[in-house]
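Down below is the structure, laid out as structure tokens.
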There are 2 protein chains.
Amino acid sequence: MSGEQSNSFMARAIQLSLENVRLGRGGPFAALVVKDGRVISEGTNLVTSENDPTAHAEIVAIRRACLALATFQLTGCEIYASCEPCPMCLGAIYWARLDRLFYACQAEDAARAGFDDSLIRAELSLPHQGRRIPMLQLMREEGLAAFEAWMANPNKIPY
Amino acid sequence: MSGEQSNSFMARAIQLSLENVRLGRGGPFAALVVKDGRVISEGTNLVTSENDPTAHAEIVAIRRACLALATFQLTGCEIYASCEPCPMCLGAIYWARLDRLFYACQAEDAARAGFDDSLIRAELSLPHQGRRIPMLQLMREEGLAAFEAWMANPNKIPY
């Protein structure tokens, strides 16, 4: 598939990303969740307007799609994002079990506009000791009790 | 710092992770955001009870802390998580600009209980072509307009 190919869902995502800037709601990003050729949800970046650093367009669209479909897994759905997802959003796309991801701009395009998730990408591949945000372990033995309770619980809903 | 050291915030996170299993609200995970020795927010995993695949404990705690402090950045705060964060949550911790991360259990402990984010961790380090969720680029040129609008906007709130 060519990076030039036109697509109505992506055109809508791009339109929403532009509107998001004009309306001052957050960064220049939008995403759509689509199932069987139908738009299930639309999301834009709402970080600054909703005081939520996790409100990236993809996360907003995934949360709204799950609400609309009353499910915590979006198998059979695709996501159209106006830009390549950051590591947080890519993680969310895997947890939501989306079938496919379409994106328009690349990480480099976002970086040029001041959104540099390359730092986060690099940090994730470092060992704990080398990361900018220190990671310190405490009370592992005590913490294991929750996993034991989970495994012993016959009524659990795995995901 | 020893993995055995006791800490009241972590003890609270572990208690919440256990309660979350008993109450059937989601996976065996909890997290606290702390600032200047005071708990700002508590979060537990609510994926299955709220139909939200992004509602991991850390994300829930970060969202609640930002709401409580009316900010989209948690500089000066620390997060206590009952388990090492998955890539989605680690990304959120970076976006939220938390100062430090404390965790009890390790990724391997979660994997043994059926929560295997090692797949996601591995996928993030693969080139696009090798990933299980196909990533396809469309309409990059059109998408760039949103970044241009962003850069030209004198009223933007960078984050």
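Each chain of the structure tokens is named A, B, ... in the order shown, its residues numbered from 1; ligands are numbered from 1 in display order.
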
Open item on the list: Should the cut-off be 7 Å, what would the residue list for chain B against chain A look like, counting only C-alpha atoms, as number ranges by chain?
Closed with: B: 2-6, 14, 17-18, 21, 24, 28, 47-48, 51-54, 63, 66-67, 70-73, 82, 87-89, 91-92, 94-96, 99-105, 113, 120, 133-140, 143-144, 146-147, 149-151, 156-157

Task: All strand (DSSP E or B) positions in chain B, as a ChimeraX atom specification - done: /B:30-35,38-44,77-83,100-105,135-137

For the residues in that selection, give me N, CA and C atoms as a CSV table (one decimal), in the first residue's frame.
chain,number,residue,atom,x,y,z
B,30,ALA,N,-2.5,-2.3,41.3
B,30,ALA,CA,-2.9,-1.0,41.9
B,30,ALA,C,-1.7,0.0,41.8
B,31,ALA,N,-2.0,1.3,41.9
B,31,ALA,CA,-1.0,2.3,41.9
B,31,ALA,C,-1.4,3.5,42.7
B,32,LEU,N,-0.4,4.2,43.2
B,32,LEU,CA,-0.7,5.5,44.0
B,32,LEU,C,0.2,6.6,43.4
B,33,VAL,N,-0.4,7.8,43.3
B,33,VAL,CA,0.5,9.0,43.0
B,33,VAL,C,0.7,9.7,44.3
B,34,VAL,N,1.9,10.0,44.6
B,34,VAL,CA,2.3,10.7,45.9
B,34,VAL,C,3.1,12.0,45.6
B,35,LYS,N,2.7,13.0,46.3
B,35,LYS,CA,3.5,14.3,46.2
B,35,LYS,C,3.8,14.8,47.6
B,38,ARG,N,2.4,12.9,50.5
B,38,ARG,CA,0.9,12.9,50.6
B,38,ARG,C,0.3,12.1,49.4
B,39,VAL,N,-0.6,11.2,49.6
B,39,VAL,CA,-1.3,10.5,48.5
B,39,VAL,C,-2.2,11.4,47.8
B,40,ILE,N,-2.0,11.6,46.5
B,40,ILE,CA,-2.8,12.4,45.6
B,40,ILE,C,-3.9,11.6,45.0
B,41,SER,N,-3.6,10.4,44.6
B,41,SER,CA,-4.7,9.6,44.0
B,41,SER,C,-4.3,8.1,44.2
B,42,GLU,N,-5.4,7.3,44.1
B,42,GLU,CA,-5.2,5.8,44.0
B,42,GLU,C,-5.9,5.3,42.8
B,43,GLY,N,-5.3,4.3,42.2
B,43,GLY,CA,-5.9,3.7,41.0
B,43,GLY,C,-5.8,2.2,41.1
B,44,THR,N,-6.8,1.5,40.6
B,44,THR,CA,-6.6,0.0,40.4
B,44,THR,C,-7.0,-0.3,38.9
B,77,CYS,N,5.9,14.6,41.5
B,77,CYS,CA,5.2,13.5,42.0
B,77,CYS,C,5.9,12.2,41.8
B,78,GLU,N,5.6,11.2,42.6
B,78,GLU,CA,6.1,9.8,42.4
B,78,GLU,C,5.0,8.9,42.3
B,79,ILE,N,5.2,7.8,41.6
B,79,ILE,CA,4.2,6.8,41.5
B,79,ILE,C,4.6,5.4,42.1
B,80,TYR,N,3.7,4.9,42.9
B,80,TYR,CA,4.0,3.6,43.5
B,80,TYR,C,3.1,2.5,42.9
B,81,ALA,N,3.6,1.6,42.2
B,81,ALA,CA,2.8,0.6,41.4
B,81,ALA,C,3.1,-0.8,42.0
B,82,SER,N,2.0,-1.6,42.1
B,82,SER,CA,2.2,-2.9,42.7
B,82,SER,C,2.9,-3.9,41.8
B,83,CYS,N,3.1,-3.5,40.5
B,83,CYS,CA,3.9,-4.3,39.6
B,83,CYS,C,4.5,-3.4,38.6
B,100,ARG,N,9.7,9.9,39.9
B,100,ARG,CA,10.2,8.5,40.2
B,100,ARG,C,9.1,7.5,40.2
B,101,LEU,N,9.5,6.3,39.9
B,101,LEU,CA,8.6,5.1,39.9
B,101,LEU,C,9.1,4.1,40.9
B,102,PHE,N,8.2,3.7,41.8
B,102,PHE,CA,8.5,2.5,42.7
B,102,PHE,C,7.6,1.4,42.3
B,103,TYR,N,8.1,0.2,42.3
B,103,TYR,CA,7.3,-1.0,41.9
B,103,TYR,C,7.6,-2.2,42.8
B,104,ALA,N,6.6,-3.1,42.9
B,104,ALA,CA,6.9,-4.2,43.8
B,104,ALA,C,7.2,-5.5,42.9
B,105,CYS,N,6.1,-6.0,42.3
B,105,CYS,CA,6.4,-7.2,41.5
B,105,CYS,C,7.0,-6.9,40.2
B,135,MET,N,0.8,-2.3,10.3
B,135,MET,CA,0.8,-0.8,10.3
B,135,MET,C,1.0,-0.3,8.9
B,136,LEU,N,0.0,0.4,8.4
B,136,LEU,CA,0.0,0.8,7.0
B,136,LEU,C,-0.1,2.3,6.9
B,137,GLN,N,0.8,2.9,6.1
B,137,GLN,CA,0.8,4.4,6.0
B,137,GLN,C,-0.1,4.9,4.8

TODO: From a DSSP calculation on the backbone, collect every residue of chain A in alpha helix (DSSP H) and output the set as a PyMOL selection string.
DONE: chain A and resi 8-22+57-69+87-95+107-112+118-124+140-152

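Here CA of Asp36 in chain B and CA of Thr75 in chain B stand 11.3 Å from one another.
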
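For the pair CA of Ala107 in chain A and CA of Pro127 in chain B, the separation is 13.2 Å.
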
Task: CA of Asn45 in chain B to CA of Gly76 in chain B, distance in Å rounded to a single decimal - done: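 It comes out at 23.9 Å.
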